[in-house]
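**Q** Quick one, query.pdb (PDB, C-alpha atoms):
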```pdb
ATOM      1  CA  MET Q 603     108.063  27.389  72.204
ATOM      2  CA  SER Q 604     110.633  24.936  73.640
ATOM      3  CA  ASP Q 605     109.551  22.469  76.313
ATOM      4  CA  LYS Q 606     111.853  24.108  78.848
ATOM      5  CA  ARG Q 607     110.460  27.572  78.166
ATOM      6  CA  GLU Q 608     106.942  26.229  78.432
ATOM      7  CA  ILE Q 609     107.706  24.735  81.849
ATOM      8  CA  ILE Q 610     109.326  28.005  83.006
ATOM      9  CA  THR Q 611     106.293  29.965  81.819
ATOM     10  CA  THR Q 612     104.054  27.667  83.879
ATOM     11  CA  ILE Q 613     106.346  28.043  86.894
ATOM     12  CA  VAL Q 614     106.371  31.852  86.667
ATOM     13  CA  SER Q 615     102.597  31.857  86.164
ATOM     14  CA  SER Q 616     102.096  29.725  89.262
ATOM     15  CA  ALA Q 617     104.467  31.979  91.260
ATOM     16  CA  ILE Q 618     102.454  35.021  90.126
ATOM     17  CA  ASP Q 619      99.250  33.360  91.372
ATOM     18  CA  GLU Q 620     100.849  32.776  94.775
ATOM     19  CA  ILE Q 621     102.442  36.196  95.123
ATOM     20  CA  ASN Q 622      99.189  37.909  94.066
ATOM     21  CA  LEU Q 623      97.519  36.389  97.127
ATOM     22  CA  ASP Q 624      99.811  38.556  99.273
ATOM     23  CA  LEU Q 625      99.479  41.743  97.198
ATOM     24  CA  VAL Q 626      96.792  44.101  98.472
ATOM     25  CA  LYS Q 627      96.782  47.189  96.243
ATOM     26  CA  LYS Q 628      97.966  45.821  92.868
ATOM     27  CA  LYS Q 629      98.174  42.437  91.208
ATOM     28  CA  ILE Q 630     100.738  41.199  88.658
ATOM     29  CA  SER Q 631      99.119  40.436  85.324
ATOM     30  CA  LYS Q 632     100.495  37.447  83.427
ATOM     31  CA  SER Q 633     100.859  39.189  80.065
ATOM     32  CA  SER Q 634     104.396  39.285  78.683
ATOM     33  CA  ASP Q 635     104.776  43.095  78.935
ATOM     34  CA  SER Q 636     103.324  43.311  82.422
ATOM     35  CA  GLU Q 637     105.735  45.239  84.666
ATOM     36  CA  ILE Q 638     107.105  43.592  87.794
ATOM     37  CA  TYR Q 639     109.970  45.714  89.046
ATOM     38  CA  GLY Q 640     111.456  48.853  87.583
ATOM     39  CA  ARG Q 641     109.959  52.200  86.638
ATOM     40  CA  LYS Q 642     106.475  51.547  87.982
ATOM     41  CA  ASP Q 643     107.707  49.304  90.793
ATOM     42  CA  LEU Q 644     104.699  47.045  91.039
ATOM     43  CA  LEU Q 645     106.561  45.027  93.662
ATOM     44  CA  ASP Q 646     108.609  46.605  96.395
ATOM     45  CA  SER Q 647     112.051  45.129  97.070
ATOM     46  CA  PHE Q 648     110.711  42.946  99.888
ATOM     47  CA  GLU Q 649     107.995  41.480  97.644
ATOM     48  CA  LEU Q 650     110.482  40.997  94.793
ATOM     49  CA  VAL Q 651     112.730  38.929  97.090
ATOM     50  CA  ASN Q 652     109.766  36.716  98.013
ATOM     51  CA  PHE Q 653     108.801  36.355  94.349
ATOM     52  CA  ILE Q 654     112.298  35.365  93.176
ATOM     53  CA  VAL Q 655     112.814  32.889  96.028
ATOM     54  CA  LEU Q 656     109.441  31.343  95.196
ATOM     55  CA  ILE Q 657     110.446  30.856  91.545
ATOM     56  CA  GLU Q 658     113.801  29.316  92.587
ATOM     57  CA  GLU Q 659     111.967  26.821  94.788
ATOM     58  CA  LYS Q 660     109.470  25.898  92.088
ATOM     59  CA  ILE Q 661     112.312  25.309  89.619
ATOM     60  CA  GLU Q 662     113.990  23.037  92.139
ATOM     61  CA  ASP Q 663     110.763  21.087  92.735
ATOM     62  CA  LYS Q 664     109.802  20.791  89.073
ATOM     63  CA  LEU Q 665     113.197  20.413  87.367
ATOM     64  CA  SER Q 666     115.463  19.265  90.218
ATOM     65  CA  ILE Q 667     117.839  22.094  89.376
ATOM     66  CA  THR Q 668     119.113  24.620  91.904
ATOM     67  CA  VAL Q 669     119.524  28.077  90.445
ATOM     68  CA  SER Q 670     120.408  31.462  91.886
ATOM     69  CA  LEU Q 671     118.447  34.039  89.940
ATOM     70  CA  THR Q 672     120.221  36.982  91.537
ATOM     71  CA  ASP Q 673     123.799  36.277  90.529
ATOM     72  CA  ASP Q 674     126.214  38.875  89.161
ATOM     73  CA  LYS Q 675     124.901  38.301  85.641
ATOM     74  CA  ALA Q 676     121.419  39.467  86.598
ATOM     75  CA  LEU Q 677     122.704  42.580  88.317
ATOM     76  CA  SER Q 678     125.092  43.558  85.514
ATOM     77  CA  GLN Q 679     122.560  43.538  82.688
ATOM     78  CA  ASP Q 680     121.690  46.891  81.105
ATOM     79  CA  TYR Q 681     118.002  46.220  81.589
ATOM     80  CA  SER Q 682     116.874  44.393  84.712
ATOM     81  CA  PRO Q 683     115.690  40.865  83.909
ATOM     82  CA  PHE Q 684     113.022  41.435  86.531
ATOM     83  CA  GLY Q 685     111.453  44.330  84.579
ATOM     84  CA  THR Q 686     108.527  42.494  82.988
ATOM     85  CA  VAL Q 687     106.991  39.042  83.010
ATOM     86  CA  GLY Q 688     108.462  38.452  79.526
ATOM     87  CA  THR Q 689     112.023  39.450  80.409
ATOM     88  CA  LEU Q 690     111.792  37.395  83.580
ATOM     89  CA  ILE Q 691     110.758  34.257  81.672
ATOM     90  CA  ASP Q 692     113.602  34.853  79.163
ATOM     91  CA  TYR Q 693     116.100  35.245  81.967
ATOM     92  CA  VAL Q 694     114.927  32.266  84.013
ATOM     93  CA  THR Q 695     114.928  30.050  80.895
ATOM     94  CA  ALA Q 696     118.510  31.104  80.071
ATOM     95  CA  SER Q 697     119.618  30.470  83.663
ATOM     96  CA  VAL Q 698     118.016  27.021  83.720
ATOM     97  CA  ASN Q 699     119.544  26.119  80.340
ATOM     98  CA  GLU Q 700     122.986  27.128  81.633
ATOM     99  CA  GLN Q 701     122.528  24.909  84.663
ATOM    100  CA  SER Q 702     121.429  21.998  82.490
ATOM    101  CA  VAL Q 703     124.631  22.211  80.453
ATOM    102  CA  ASP Q 704     126.874  21.893  83.574
TER
ATOM    103  CA  MET U 513      99.603  27.230 103.797
ATOM    104  CA  ASN U 514     101.163  24.714 106.223
ATOM    105  CA  ASN U 515     104.355  23.260 104.716
ATOM    106  CA  LEU U 516     105.498  21.509 107.895
ATOM    107  CA  LEU U 517     106.315  17.838 107.367
ATOM    108  CA  THR U 518     107.255  17.251 110.999
ATOM    109  CA  GLU U 519     106.002  18.556 114.327
ATOM    110  CA  LYS U 520     109.529  18.530 115.735
ATOM    111  CA  GLN U 521     111.731  21.604 115.538
ATOM    112  CA  VAL U 522     114.562  21.317 113.026
ATOM    113  CA  ILE U 523     118.010  22.740 113.747
ATOM    114  CA  LEU U 524     120.973  23.040 111.399
ATOM    115  CA  ILE U 525     124.438  23.181 112.950
ATOM    116  CA  SER U 526     127.618  23.657 110.945
ATOM    117  CA  GLY U 527     130.940  22.193 112.041
ATOM    118  CA  THR U 528     129.557  19.273 114.051
ATOM    119  CA  ARG U 529     132.459  16.828 113.890
ATOM    120  CA  LYS U 530     134.168  17.957 117.090
ATOM    121  CA  GLY U 531     134.466  20.638 119.749
ATOM    122  CA  LEU U 532     131.490  22.804 120.541
ATOM    123  CA  GLY U 533     129.618  21.656 117.416
ATOM    124  CA  LYS U 534     129.639  18.060 118.612
ATOM    125  CA  TYR U 535     128.424  19.188 122.014
ATOM    126  CA  PHE U 536     125.614  21.224 120.415
ATOM    127  CA  VAL U 537     124.415  18.064 118.625
ATOM    128  CA  GLU U 538     124.177  16.173 121.931
ATOM    129  CA  HIS U 539     122.483  19.121 123.633
ATOM    130  CA  PHE U 540     119.771  19.595 121.012
ATOM    131  CA  SER U 541     119.232  15.872 120.624
ATOM    132  CA  LYS U 542     118.268  15.773 124.317
ATOM    133  CA  LYS U 543     115.842  18.595 123.598
ATOM    134  CA  ASN U 544     114.127  16.460 120.963
ATOM    135  CA  PHE U 545     115.184  18.478 117.920
ATOM    136  CA  ILE U 546     115.727  16.979 114.497
ATOM    137  CA  ILE U 547     119.340  17.890 113.808
ATOM    138  CA  VAL U 548     121.045  18.390 110.477
ATOM    139  CA  GLY U 549     124.782  18.862 110.737
ATOM    140  CA  CYS U 550     127.695  19.275 108.399
ATOM    141  CA  SER U 551     131.465  19.175 108.344
ATOM    142  CA  ARG U 552     134.166  18.306 105.851
ATOM    143  CA  LYS U 553     134.616  14.805 107.263
ATOM    144  CA  PRO U 554     132.150  12.221 108.608
ATOM    145  CA  VAL U 555     131.335  12.198 112.315
ATOM    146  CA  ASP U 556     132.413   9.357 114.608
ATOM    147  CA  TYR U 557     129.254   9.349 116.729
ATOM    148  CA  ASP U 558     125.700   8.166 116.365
ATOM    149  CA  VAL U 559     122.948  10.400 117.692
ATOM    150  CA  GLU U 560     119.207   9.888 117.322
ATOM    151  CA  ASN U 561     117.482  12.158 114.814
ATOM    152  CA  TYR U 562     120.812  13.387 113.461
ATOM    153  CA  HIS U 563     121.525  13.637 109.739
ATOM    154  CA  HIS U 564     125.050  14.456 108.594
ATOM    155  CA  PHE U 565     126.312  16.075 105.383
ATOM    156  CA  CYS U 566     129.979  15.910 104.416
ATOM    157  CA  LEU U 567     130.695  19.175 102.645
ATOM    158  CA  ASP U 568     132.802  22.277 102.484
ATOM    159  CA  VAL U 569     130.625  25.011 103.990
ATOM    160  CA  SER U 570     131.790  27.546 101.420
ATOM    161  CA  ASP U 571     130.677  25.343  98.491
ATOM    162  CA  GLY U 572     127.468  27.019  97.337
ATOM    163  CA  LYS U 573     126.262  24.081  95.235
ATOM    164  CA  LYS U 574     126.652  21.505  98.013
ATOM    165  CA  ILE U 575     125.039  23.875 100.484
ATOM    166  CA  LYS U 576     122.026  24.266  98.185
ATOM    167  CA  GLN U 577     121.688  20.478  98.001
ATOM    168  CA  MET U 578     121.669  20.249 101.796
ATOM    169  CA  PHE U 579     118.922  22.862 102.012
ATOM    170  CA  SER U 580     116.965  21.094  99.295
ATOM    171  CA  PHE U 581     117.040  18.011 101.559
ATOM    172  CA  ILE U 582     115.848  20.008 104.580
ATOM    173  CA  ARG U 583     112.994  21.620 102.641
ATOM    174  CA  LYS U 584     111.787  18.392 101.045
ATOM    175  CA  GLU U 585     112.300  16.140 104.078
ATOM    176  CA  TYR U 586     111.067  18.405 106.872
ATOM    177  CA  GLY U 587     109.446  21.446 105.235
ATOM    178  CA  ARG U 588     110.838  23.608 107.983
ATOM    179  CA  LEU U 589     113.980  24.966 109.562
ATOM    180  CA  ASP U 590     113.658  26.594 112.962
ATOM    181  CA  VAL U 591     117.232  27.237 114.042
ATOM    182  CA  LEU U 592     120.621  27.701 112.415
ATOM    183  CA  ILE U 593     123.798  27.677 114.469
ATOM    184  CA  ASN U 594     126.686  28.989 112.396
ATOM    185  CA  ASN U 595     129.380  27.185 114.333
ATOM    186  CA  ALA U 596     131.901  26.102 111.676
ATOM    187  CA  GLY U 597     135.075  28.081 111.884
ATOM    188  CA  VAL U 598     138.804  27.847 111.434
ATOM    189  CA  GLY U 599     141.602  29.796 113.020
ATOM    190  CA  SER U 600     145.270  30.320 112.424
ATOM    191  CA  MET U 601     147.647  31.847 114.882
ATOM    192  CA  ASN U 602     150.373  33.570 112.986
ATOM    193  CA  HIS U 603     151.928  36.987 112.698
ATOM    194  CA  SER U 604     150.441  38.836 109.715
ATOM    195  CA  LEU U 605     153.897  39.111 108.117
ATOM    196  CA  LEU U 606     154.030  35.315 108.055
ATOM    197  CA  THR U 607     150.460  34.617 106.961
ATOM    198  CA  PRO U 608     150.124  33.261 103.408
ATOM    199  CA  ILE U 609     147.258  34.489 101.217
ATOM    200  CA  SER U 610     145.943  30.921 100.940
ATOM    201  CA  THR U 611     145.360  30.980 104.722
ATOM    202  CA  VAL U 612     143.582  34.317 104.446
ATOM    203  CA  HIS U 613     141.214  32.919 101.797
ATOM    204  CA  LYS U 614     140.618  29.736 103.767
ATOM    205  CA  ILE U 615     139.679  31.618 106.935
ATOM    206  CA  LEU U 616     137.439  34.105 105.136
ATOM    207  CA  ASP U 617     135.728  31.350 103.102
ATOM    208  CA  THR U 618     134.963  29.193 106.112
ATOM    209  CA  ASN U 619     134.215  31.890 108.652
ATOM    210  CA  VAL U 620     132.513  34.577 106.559
ATOM    211  CA  VAL U 621     131.371  33.284 103.146
ATOM    212  CA  ALA U 622     129.939  30.106 104.650
ATOM    213  CA  ASN U 623     128.171  32.038 107.390
ATOM    214  CA  PHE U 624     126.523  34.233 104.759
ATOM    215  CA  LEU U 625     125.554  31.278 102.548
ATOM    216  CA  LEU U 626     124.048  29.256 105.390
ATOM    217  CA  SER U 627     122.168  32.283 106.718
ATOM    218  CA  ARG U 628     120.787  33.171 103.297
ATOM    219  CA  GLU U 629     119.563  29.678 102.494
ATOM    220  CA  SER U 630     118.188  29.173 106.015
ATOM    221  CA  ALA U 631     116.213  32.400 105.842
ATOM    222  CA  LYS U 632     114.557  31.240 102.617
ATOM    223  CA  ILE U 633     113.051  28.252 104.446
ATOM    224  CA  MET U 634     112.445  30.010 107.763
ATOM    225  CA  LYS U 635     110.514  32.889 106.236
ATOM    226  CA  LYS U 636     107.799  30.548 104.986
ATOM    227  CA  ASN U 637     106.853  29.736 108.556
ATOM    228  CA  LYS U 638     107.460  33.320 109.674
ATOM    229  CA  PHE U 639     109.799  32.011 112.348
ATOM    230  CA  GLY U 640     113.511  31.460 112.581
ATOM    231  CA  ARG U 641     116.487  31.792 114.863
ATOM    232  CA  ILE U 642     120.019  32.280 113.597
ATOM    233  CA  VAL U 643     122.879  32.183 116.082
ATOM    234  CA  ASN U 644     126.371  33.077 114.912
ATOM    235  CA  LEU U 645     129.581  32.354 116.740
ATOM    236  CA  THR U 646     131.969  35.256 116.986
ATOM    237  CA  SER U 647     135.015  35.667 119.193
ATOM    238  CA  PHE U 648     136.608  37.757 121.906
ATOM    239  CA  ALA U 649     139.530  38.015 119.467
ATOM    240  CA  VAL U 650     137.621  41.023 118.074
ATOM    241  CA  PRO U 651     137.389  43.265 121.161
ATOM    242  CA  PHE U 652     140.709  41.977 122.567
ATOM    243  CA  LYS U 653     142.454  42.667 119.222
ATOM    244  CA  LEU U 654     144.611  39.598 119.719
ATOM    245  CA  GLU U 655     148.042  39.806 118.143
ATOM    246  CA  GLY U 656     148.722  36.896 115.811
ATOM    247  CA  GLU U 657     145.068  36.528 114.903
ATOM    248  CA  ALA U 658     144.619  39.422 112.487
ATOM    249  CA  ILE U 659     142.604  37.539 109.859
ATOM    250  CA  TYR U 660     140.718  35.385 112.350
ATOM    251  CA  ALA U 661     139.694  38.515 114.290
ATOM    252  CA  ALA U 662     138.760  40.293 111.040
ATOM    253  CA  SER U 663     136.586  37.340 110.012
ATOM    254  CA  LYS U 664     134.851  37.324 113.390
ATOM    255  CA  ALA U 665     134.352  41.106 113.200
ATOM    256  CA  ALA U 666     132.628  40.465 109.876
ATOM    257  CA  ILE U 667     130.334  38.014 111.681
ATOM    258  CA  ILE U 668     129.277  40.759 114.068
ATOM    259  CA  SER U 669     128.543  43.035 111.125
ATOM    260  CA  LEU U 670     126.562  40.278 109.373
ATOM    261  CA  THR U 671     124.636  39.599 112.580
ATOM    262  CA  GLU U 672     123.611  43.229 112.887
ATOM    263  CA  THR U 673     122.725  43.783 109.225
ATOM    264  CA  LEU U 674     120.957  40.458 108.624
ATOM    265  CA  SER U 675     118.933  40.969 111.803
ATOM    266  CA  LYS U 676     117.426  44.018 110.073
ATOM    267  CA  GLU U 677     116.948  42.330 106.699
ATOM    268  CA  TYR U 678     115.231  39.295 108.242
ATOM    269  CA  ALA U 679     113.174  41.024 110.939
ATOM    270  CA  ASN U 680     110.060  41.172 108.760
ATOM    271  CA  TYR U 681     110.217  37.409 108.304
ATOM    272  CA  GLY U 682     110.068  36.688 112.042
ATOM    273  CA  ILE U 683     113.718  35.662 112.040
ATOM    274  CA  THR U 684     116.094  36.849 114.739
ATOM    275  CA  VAL U 685     119.869  36.914 114.261
ATOM    276  CA  ASN U 686     122.198  37.048 117.240
ATOM    277  CA  ALA U 687     125.793  36.190 118.045
ATOM    278  CA  VAL U 688     127.646  34.694 120.937
ATOM    279  CA  ALA U 689     131.348  34.957 121.600
ATOM    280  CA  PRO U 690     132.146  31.925 123.740
ATOM    281  CA  PRO U 691     134.659  32.347 126.543
ATOM    282  CA  ALA U 692     137.846  30.326 126.375
ATOM    283  CA  VAL U 693     136.533  26.749 126.324
ATOM    284  CA  GLN U 694     138.869  23.776 126.438
ATOM    285  CA  THR U 695     138.208  22.424 122.941
ATOM    286  CA  ASP U 696     140.436  21.175 120.113
ATOM    287  CA  LEU U 697     140.705  24.729 118.775
ATOM    288  CA  ILE U 698     142.867  25.878 121.688
ATOM    289  CA  LYS U 699     144.661  22.615 122.466
ATOM    290  CA  ALA U 700     147.658  23.819 120.489
ATOM    291  CA  VAL U 701     147.814  27.165 122.276
ATOM    292  CA  PRO U 702     150.548  27.275 124.962
ATOM    293  CA  LYS U 703     149.268  27.359 128.568
ATOM    294  CA  GLU U 704     151.046  30.679 129.283
ATOM    295  CA  LYS U 705     149.231  32.314 126.393
ATOM    296  CA  MET U 706     145.869  30.953 127.575
ATOM    297  CA  ASP U 707     146.563  32.238 131.108
ATOM    298  CA  VAL U 708     147.159  35.734 129.719
ATOM    299  CA  LEU U 709     143.910  35.448 127.739
ATOM    300  CA  LEU U 710     141.929  34.316 130.774
ATOM    301  CA  LYS U 711     143.270  37.306 132.717
ATOM    302  CA  ARG U 712     141.862  39.612 130.056
ATOM    303  CA  GLN U 713     138.386  38.163 130.467
ATOM    304  CA  THR U 714     136.317  39.846 133.167
ATOM    305  CA  ILE U 715     135.740  36.433 134.713
ATOM    306  CA  HIS U 716     139.125  34.690 134.801
ATOM    307  CA  ARG U 717     138.232  31.092 134.101
ATOM    308  CA  TYR U 718     137.448  28.723 131.267
ATOM    309  CA  GLY U 719     133.836  28.469 130.218
ATOM    310  CA  THR U 720     131.991  25.224 129.595
ATOM    311  CA  PRO U 721     129.998  24.040 126.578
ATOM    312  CA  GLU U 722     126.920  23.948 128.862
ATOM    313  CA  GLU U 723     127.308  27.673 129.519
ATOM    314  CA  VAL U 724     127.563  28.410 125.797
ATOM    315  CA  CYS U 725     124.411  26.350 125.201
ATOM    316  CA  SER U 726     122.642  28.346 127.869
ATOM    317  CA  VAL U 727     123.136  31.557 125.846
ATOM    318  CA  ILE U 728     122.046  29.822 122.640
ATOM    319  CA  ASP U 729     118.951  28.450 124.386
ATOM    320  CA  PHE U 730     118.097  32.019 125.378
ATOM    321  CA  PHE U 731     118.497  33.352 121.827
ATOM    322  CA  ILE U 732     116.408  30.611 120.221
ATOM    323  CA  ASP U 733     113.608  30.616 122.795
ATOM    324  CA  LYS U 734     110.312  31.312 120.991
ATOM    325  CA  LYS U 735     109.435  33.854 123.659
ATOM    326  CA  ASN U 736     112.494  35.958 122.809
ATOM    327  CA  ASN U 737     111.254  37.206 119.470
ATOM    328  CA  ILE U 738     112.309  40.791 120.190
ATOM    329  CA  ILE U 739     115.953  39.933 120.911
ATOM    330  CA  THR U 740     117.887  40.436 117.681
ATOM    331  CA  GLY U 741     121.130  41.937 116.376
ATOM    332  CA  GLN U 742     122.786  41.319 119.751
ATOM    333  CA  VAL U 743     126.243  40.051 120.633
ATOM    334  CA  VAL U 744     126.983  38.380 123.966
ATOM    335  CA  TYR U 745     130.634  38.257 124.970
ATOM    336  CA  MET U 746     130.801  35.449 127.487
ATOM    337  CA  GLY U 747     133.421  35.861 130.169
ATOM    338  CA  GLY U 748     133.129  39.606 129.770
ATOM    339  CA  VAL U 749     135.403  41.963 127.860
TER
END
```
Starting from the file, give its structure as structure tokens.

**A**
Amino acid sequence: MSDKREIITTIVSSAIDEINLDLVKKKISKSSDSEIYGRKDLLDSFELVNFIVLIEEKIEDKLSITVSLTDDKALSQDYSPFGTVGTLIDYVTASVNEQSVD
Amino acid sequence: MNNLLTEKQVILISGTRKGLGKYFVEHFSKKNFIIVGCSRKPVDYDVENYHHFCLDVSDGKKIKQMFSFIRKEYGRLDVLINNAGVGSMNHSLLTPISTVHKILDTNVVANFLLSRESAKIMKKNKFGRIVNLTSFAVPFKLEGEAIYAASKAAIISLTETLSKEYANYGITVNAVAPPAVQTDLIKAVPKEKMDVLLKRQTIHRYGTPEEVCSVIDFFIDKKNNIITGQVVYMGGV
């Protein structure tokens, strides 16, 4: 696993811990195939917004990079990058790598 | 979790170099706010507790950097006044597309960007006040201001929709349409044209920056947490 991906995994894990504090009925598990948003809709749209904003902030604090995780690229993908914990980590890592190249 | 790094309220005002924006800085400085302001060029004044950013308000990257500063330095943002705006008086047949883009970028895109980034900080403290500046050019349907009026109509729409999206975060979003105020924006407008405009207002006189601040003070008052999605047309339409 690359250093960057490892950091992103830690960031997402920490964001899951924080968001779980606010979730009453269900909790997000940290396994790669754990669903976040999609068919089973673990998070509602309001909770998903909070979750994504939290990850953006943690990236900024940890890596000093500002990213927008809800750009056109995210919305145009065939499968939502916010579907599972695994796809989310893939997507965030790709977004951060793109920013680093700029 | 308490993220607040200062006990003072923090206000962000766009377009602070001159006109109403400059007056807002003085007004909120007297009220003991920490003020963050921005405009394309530096300001020529020195006000206590004021921090200035030189940026184009439609530049998403620069805007994000400004909000990064606010979050790290103060850990809070209580009020946003979306004041920055540009106008252009011209018949639509003589309005170049570059002018259209410039007006929409500054008046609409920037308003959206600043509101979005502000709400991200405000929601953490479950409190926020966003005040947008719209214009009587919308209800008066002023000839020669087609794009300006369209951009300010968009502000009303944003005010109403964002008020719903942000309600659960304890953030209110309201708009004020100042009356004709003698600022730089209307210096170039011929007196005869201004007289006609004043006649169309219900109250036929110029307003003052103090009167505009009075409406903003009402919107941002902590007690008024049920006032949202509203537009006040000063001077009456």

**Q** Between U:Ile523, U:Ile633, U:Cys566, U:Val548, which one has atoms that come closest to U:Val591, using only C-alpha atoms?

**A**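 Distance minimum relative to U:Val591 lands on U:Ile523.
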
**Q** Can you pull out every residue within 12 Å of stretch 700-716 of chain U, counting all atoms listed in the file, but drop anything in the same chain fewer than 3 positions away, and send it as a count of residues only?

**A** 27

**Q** List the neighbours of U:Phe579 out to 9 Å using all atoms listed in the file; skip same-chain residues closer than 2 positions along the sequence, and give me the result as a list in words.

**A**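 Listed by chain and then number, they are Lys574, Ile575, Lys576, Gln577, Phe581, Ile582, Arg583, Lys584, Leu626, Glu629, Ser630 and Ile633 of chain U.
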
**Q** Could you save those same residues with C-alpha atoms as an mmCIF file, in the coordinates of the input?

**A**
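Contents of again.cif, freshly written:
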```
data_model
loop_
_atom_site.group_PDB
_atom_site.id
_atom_site.type_symbol
_atom_site.label_atom_id
_atom_site.label_comp_id
_atom_site.auth_asym_id
_atom_site.auth_seq_id
_atom_site.Cartn_x
_atom_site.Cartn_y
_atom_site.Cartn_z
ATOM 1 C CA LYS U 574 126.652 21.505 98.013
ATOM 2 C CA ILE U 575 125.039 23.875 100.484
ATOM 3 C CA LYS U 576 122.026 24.266 98.185
ATOM 4 C CA GLN U 577 121.688 20.478 98.001
ATOM 5 C CA PHE U 581 117.040 18.011 101.559
ATOM 6 C CA ILE U 582 115.848 20.008 104.580
ATOM 7 C CA ARG U 583 112.994 21.620 102.641
ATOM 8 C CA LYS U 584 111.787 18.392 101.045
ATOM 9 C CA LEU U 626 124.048 29.256 105.390
ATOM 10 C CA GLU U 629 119.563 29.678 102.494
ATOM 11 C CA SER U 630 118.188 29.173 106.015
ATOM 12 C CA ILE U 633 113.051 28.252 104.446
#
```

**Q** Can you work out which one of U:Val555, U:Thr673, U:Tyr535, U:Ser526 has the shortest atom-to-atom distance to U:Asn619, counting all atoms listed in the file?

**A**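 Smallest distance to U:Asn619 is found for U:Ser526.
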
**Q** Could you please determine the separation between atom CA of U:Thr518 and atom CA of Q:Ile618 in Å, to one decimal place?

**A**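 Separating atom CA of U:Thr518 from atom CA of Q:Ile618 is a distance of 27.8 Å.
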
**Q** At a cut-off of 9 Å around the point (128.1, 16.9, 113.0) (file coordinates), what residues fall inside when counting all atoms listed in the file? I'd like the answer as JSON, numbers by chain.

**A** {"U": [525, 526, 527, 528, 529, 530, 533, 534, 536, 537, 547, 548, 549, 550, 551, 553, 554, 555, 556, 557, 562, 563, 564, 565, 566]}

**Q** Give me, as a ChimeraX atom specification, all polymer residues having an atom no more than 12 Å from stretch 606-614 of chain Q, counting all atoms listed in the file and skipping those fewer than 6 positions away in the same chain.

**A** /Q:620-622,630-634,638,653-665,684,686-700,702

**Q** Restricting the calculation to only C-alpha atoms, which member of Q:Thr668, Q:Ser615, Q:Ser604, Q:Ser636 is positioned closest to chain U?

**A** Q:Thr668

**Q** Since the input lacks atoms, please generate all heavy atoms for stretch 549-553 of chain U and provide them as an mmCIF file, keeping the file's coordinate frame.

**A**
```cif
data_model
loop_
_atom_site.group_PDB
_atom_site.id
_atom_site.type_symbol
_atom_site.label_atom_id
_atom_site.label_comp_id
_atom_site.auth_asym_id
_atom_site.auth_seq_id
_atom_site.Cartn_x
_atom_site.Cartn_y
_atom_site.Cartn_z
ATOM 1 N N GLY U 549 123.456 18.312 110.476
ATOM 2 C CA GLY U 549 124.782 18.862 110.737
ATOM 3 C C GLY U 549 125.681 18.692 109.529
ATOM 4 O O GLY U 549 125.377 17.915 108.610
ATOM 5 N N CYS U 550 126.770 19.428 109.519
ATOM 6 C CA CYS U 550 127.695 19.275 108.399
ATOM 7 C C CYS U 550 129.120 19.559 108.850
ATOM 8 O O CYS U 550 129.362 20.299 109.804
ATOM 9 C CB CYS U 550 127.304 20.189 107.242
ATOM 10 S SG CYS U 550 127.311 21.939 107.636
ATOM 11 N N SER U 551 130.031 18.923 108.158
ATOM 12 C CA SER U 551 131.465 19.175 108.344
ATOM 13 C C SER U 551 132.171 18.551 107.143
ATOM 14 O O SER U 551 131.553 17.819 106.371
ATOM 15 C CB SER U 551 131.981 18.549 109.653
ATOM 16 O OG SER U 551 131.787 17.162 109.630
ATOM 17 N N ARG U 552 133.435 18.853 107.006
ATOM 18 C CA ARG U 552 134.166 18.306 105.851
ATOM 19 C C ARG U 552 134.248 16.785 105.901
ATOM 20 O O ARG U 552 134.148 16.113 104.891
ATOM 21 C CB ARG U 552 135.598 18.847 105.839
ATOM 22 C CG ARG U 552 135.714 20.249 105.321
ATOM 23 C CD ARG U 552 137.152 20.729 105.524
ATOM 24 N NE ARG U 552 137.252 22.152 105.328
ATOM 25 C CZ ARG U 552 137.591 22.714 104.182
ATOM 26 N NH1 ARG U 552 137.851 21.958 103.142
ATOM 27 N NH2 ARG U 552 137.674 24.016 104.068
ATOM 28 N N LYS U 553 134.444 16.257 107.115
ATOM 29 C CA LYS U 553 134.616 14.805 107.263
ATOM 30 C C LYS U 553 133.425 14.201 108.002
ATOM 31 O O LYS U 553 132.696 14.918 108.687
ATOM 32 C CB LYS U 553 135.910 14.529 108.045
ATOM 33 C CG LYS U 553 137.155 14.965 107.294
ATOM 34 C CD LYS U 553 138.387 14.716 108.137
ATOM 35 C CE LYS U 553 139.631 15.249 107.436
ATOM 36 N NZ LYS U 553 140.795 15.277 108.327
#
```
